[in-house]
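Before any comments, here is the structure.
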Amino acid sequence: MKIIFRSAALAALIITASCGKDTVEAIADEIDEQTEQLEQTPLEANSVADNVIIAGGTKEEGVPPTPNGAISIDVSNAGKTAFLNEGFTIPVSSDADIVGAYLQFKTNDGTVSDSYYDIEVNSNTFSKKGLRKTIFDKKASTQTAKVDEANFDVDFNTQIQPGTFCYVICVYDAEGNISNPSEVCVTVESWGGNNAVVGKWALVKEETIEDGKTSVYPLGDPDCDEWTATCNNQEEIDFSICYTQEYGILEIKADGTYDIDFKGSDENYDYDASIEACETVYTDDTTFRYQSMGNWAYVADEDRLTLVEYGYTFEEDGETRSETVENGEADLVYDGKVEVNGNSFVLVEIEDYDGDGITNSTYKYFFEK
């Protein structure tokens, strides 16, 4: 339904392009507005329940077992966004060693589905849709899942359209204790959604803010890590190893797809030889190129852009590896704030490494058309 609507609207844009820039922009704005309205359509609870695929989940008719509230559940980190053909994840934690969860869907008016899912934690301890922070060569933070936390993976089939619904979830332990239920409402986003971000954007600089210090790296300038080590002769040596971005292109298309093409190089060195000579002994640089393709969505009330990757190619020193995935297997490679002002486009990533709500690092990527 939504794909047909957007394709017809895009065709109208092409046909009326000769009418002038103002006309085209007005039609594009109307498409964005209708997209937002469609995303607010309430989805029927049984329809959602009948069209999800849940790892380790068994569908049961009726209502879940009655909770005793003897253990806790925390879904404060659960997102409120889901994606067509992909679904969403539910990160939960508890004060108990949980072995499963009960999940039931709910319409916005309070009507619950006639069925629920009994989900095994062992099938969901690690989420396959973990947010990857390598899109602009930033290292991902390593997280080790515990028995008292899980990411429940809820996939959609093609029958679920843009709209809103809620779900109610409880967790339980091996002794049969069941937490009180928690409710979260989500919006299934359409692909695309904001004509202002559409275009071919070229990276011009990066900005890093850590511990109150701001560092700016214009495109082509090295971004260096520096540290000190002790040489074999007990003198100290200062190492400086740099990464240089050659170019970065992000093309966001009106049909809800995107392409990424980034290229750069890393300096390398021989540690043992450097310690022996007490000066940095460099080896050949590592050159790489990262290309990514997939779909994008825009969350209007948060000025948030998401990039969902369905395929990539990575070249490193002449060797190439590629992968494409099916619906339900995509990676969420970027999910953060976007600032757009004419020909200026800024992506903002905020890192909270320990989850205490305090920002540890902020990365900004500045693009221009």
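Residue names in the structure tokens use chain letters A, B, ... in the order shown, residue numbers from 1 in each chain, and ligand numbers from 1 in the order shown.
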>> as a PyMOL selection string, please: every residue in region 44-235 of chain A that DSSP puts in alpha helix (DSSP H).
In response: chain A and resi 45-50
>> Report as a count of residues only all protein, DNA and RNA residues lying within 8 Å of region 196-205 of chain A, evaluated on only C-alpha atoms, omitting residues in the same chain fewer than 3 positions from it.
In response: 20
>> Quick one: residues within 8 Å of region 311-328 of chain A, only C-alpha atoms, excluding same-chain residues fewer than 4 positions away - as a PyMOL selection string?
In response: chain A and resi 85-87+155-156+286-294
> What are the DSSP strand (DSSP E or B) residues of region 28-207 of chain A, as a VMD selection string?
Replying inline: chain A and resid 42 52 to 54 57 to 61 74 81 to 83 87 to 93 98 to 106 112 115 to 120 149 to 156 163 to 173 178 182 to 189 192 199 to 207
> Which of these residues is nearest to Glu309 (chain A), using only C-alpha atoms: A:Glu235, A:Asp272, A:Leu332, A:Cys278?
Replying inline: A:Leu332
> Skipping near chain neighbours, those fewer than 5 positions away, what residues fall within 6 Å of Trp296 (chain A) using only C-alpha atoms, listed as a PyMOL selection string?
Replying inline: chain A and resi 191-192+256-257+306-307
Take the residues from that selection and write them out as a compact mmCIF listing (two decimals), in the first residue's frame, keeping N, CA and C atoms.
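Written output follows (again.txt):
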```
# COMPACT_ATOMS: atom_id res chain seq x y z
N TRP A 191 9.85 3.99 4.51
CA TRP A 191 11.16 4.34 3.97
C TRP A 191 11.08 5.74 3.37
N GLY A 192 12.11 6.51 3.58
CA GLY A 192 12.09 7.90 3.16
C GLY A 192 11.44 8.75 4.24
N GLY A 256 13.62 6.28 -1.08
CA GLY A 256 13.81 5.64 0.22
C GLY A 256 15.03 4.77 0.32
N THR A 257 15.92 4.80 -0.69
CA THR A 257 17.16 4.04 -0.64
C THR A 257 18.34 5.00 -0.47
N THR A 306 17.75 7.23 10.08
CA THR A 306 18.24 5.87 10.24
C THR A 306 18.63 5.31 8.88
N LEU A 307 19.74 4.58 8.84
CA LEU A 307 20.20 3.92 7.63
C LEU A 307 20.24 2.42 7.90
```
> Excluding same-chain residues fewer than 6 positions from Gly336 (chain A), what lies within 6 Å of it counting only C-alpha atoms, as a PyMOL selection string?
Replying inline: chain A and resi 304-305+348-349
Using only C-alpha atoms, find each residue in region 161-262 of chain A having at least one atom no more than 8 Å away from region 70-81 of chain A; report its shortest atom-to-atom pair and that distance in Å (one decimal), rows by chain then rising number, as a Markdown table.
```
| residue | atom | partner | partner_atom | distance |
| --- | --- | --- | --- | --- |
| A:Cys170 | CA | A:Ile73 | CA | 7.1 |
| A:Val171 | CA | A:Ile73 | CA | 6.7 |
| A:Tyr172 | CA | A:Ile71 | CA | 7.6 |
| A:Asn177 | CA | A:Ala70 | CA | 5.8 |
| A:Ile178 | CA | A:Ile71 | CA | 6.3 |
| A:Ser179 | CA | A:Ile71 | CA | 5.0 |
| A:Asn180 | CA | A:Ser72 | CA | 7.2 |
| A:Pro181 | CA | A:Ile73 | CA | 7.9 |
| A:Ser182 | CA | A:Val75 | CA | 7.3 |
| A:Val184 | CA | A:Lys80 | CA | 7.3 |
| A:Cys185 | CA | A:Lys80 | CA | 6.2 |
| A:Val186 | CA | A:Lys80 | CA | 4.2 |
| A:Thr187 | CA | A:Thr81 | CA | 5.1 |
| A:Val188 | CA | A:Thr81 | CA | 6.1 |
| A:Glu189 | CA | A:Thr81 | CA | 6.8 |
```
Could you save the residues just selected, with N, CA and C atoms, as a tab-separated table (two decimals), in the first residue's frame?
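Listing of again.tsv after writing:
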```tsv
chain	number	residue	atom	x	y	z
A	170	CYS	N	6.31	-9.16	29.64
A	170	CYS	CA	6.74	-9.59	30.97
A	170	CYS	C	7.92	-10.54	30.78
A	171	VAL	N	8.79	-10.63	31.78
A	171	VAL	CA	9.85	-11.64	31.77
A	171	VAL	C	9.63	-12.60	32.93
A	172	TYR	N	10.17	-13.82	32.80
A	172	TYR	CA	10.01	-14.79	33.88
A	172	TYR	C	11.30	-15.57	34.09
A	177	ASN	N	8.55	-17.22	38.51
A	177	ASN	CA	8.23	-15.83	38.86
A	177	ASN	C	8.08	-15.00	37.59
A	178	ILE	N	7.08	-14.15	37.55
A	178	ILE	CA	6.78	-13.34	36.36
A	178	ILE	C	6.73	-11.87	36.76
A	179	SER	N	7.43	-11.05	36.03
A	179	SER	CA	7.43	-9.61	36.32
A	179	SER	C	6.08	-9.00	35.99
A	180	ASN	N	5.83	-7.84	36.56
A	180	ASN	CA	4.67	-7.07	36.13
A	180	ASN	C	4.86	-6.64	34.68
A	181	PRO	N	3.78	-6.43	33.94
A	181	PRO	CA	3.91	-6.09	32.52
A	181	PRO	C	4.39	-4.65	32.31
A	182	SER	N	5.13	-4.46	31.23
A	182	SER	CA	5.52	-3.12	30.78
A	182	SER	C	5.00	-2.93	29.36
A	184	VAL	N	5.02	-0.64	25.73
A	184	VAL	CA	5.76	0.29	24.87
A	184	VAL	C	4.98	0.43	23.57
A	185	CYS	N	4.87	1.64	23.07
A	185	CYS	CA	4.22	1.89	21.78
A	185	CYS	C	5.27	2.26	20.74
A	186	VAL	N	5.09	1.75	19.52
A	186	VAL	CA	6.08	1.98	18.47
A	186	VAL	C	5.38	2.47	17.20
A	187	THR	N	6.18	3.08	16.34
A	187	THR	CA	5.72	3.52	15.03
A	187	THR	C	6.49	2.78	13.96
A	188	VAL	N	5.78	2.16	13.04
A	188	VAL	CA	6.42	1.52	11.90
A	188	VAL	C	6.67	2.60	10.85
A	189	GLU	N	7.93	2.92	10.65
A	189	GLU	CA	8.29	4.02	9.76
A	189	GLU	C	8.25	3.60	8.29
```
>> List as a PyMOL selection string the protein and nucleic acid residues near Glu351 (chain A), meaning an atom at most 7 Å away when only C-alpha atoms are counted, but skip any in the same chain fewer than 2 places from it.
In response: chain A and resi 349+353+359-362
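Considering the residues A:Ser94, A:Ile169, A:Glu175, A:Gly56 and counting only C-alpha atoms, Asn124 (chain A) has its shortest atom-to-atom contact with A:Gly56.
The closest residue to Pro91 (chain A), picked from A:Ile358, A:Thr158, A:Asn151, A:Gly69 and counting only C-alpha atoms, is A:Asn151.
Look at Glu276 (chain A): the protein and nucleic acid residues within 9 Å of it, using only C-alpha atoms and passing over chain neighbours fewer than 2 places away, are Cys231, Asn232, Asn233, Tyr271, Asp272, Ala273, Ser274, Cys278 and Glu279 of chain A.
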> Could you state the separation of CA of Asn341 (chain A) and CA of Ile260 (chain A) in Å, given to one decimal place?
Replying inline: 20.7 Å
> Nearest to Cys242 (chain A) among A:Glu267, A:Asp259, A:Asp221, A:Glu207, with distances taken over only C-alpha atoms: which residue is it?
Replying inline: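 Ranking A:Glu267, A:Asp259, A:Asp221, A:Glu207 by distance to Cys242 (chain A), first place goes to A:Glu267.
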>> If I take CA of Leu43 (chain A) and CA of Glu149 (chain A), how far is one from the other in Å, to one decimal?
In response: 28.6 Å
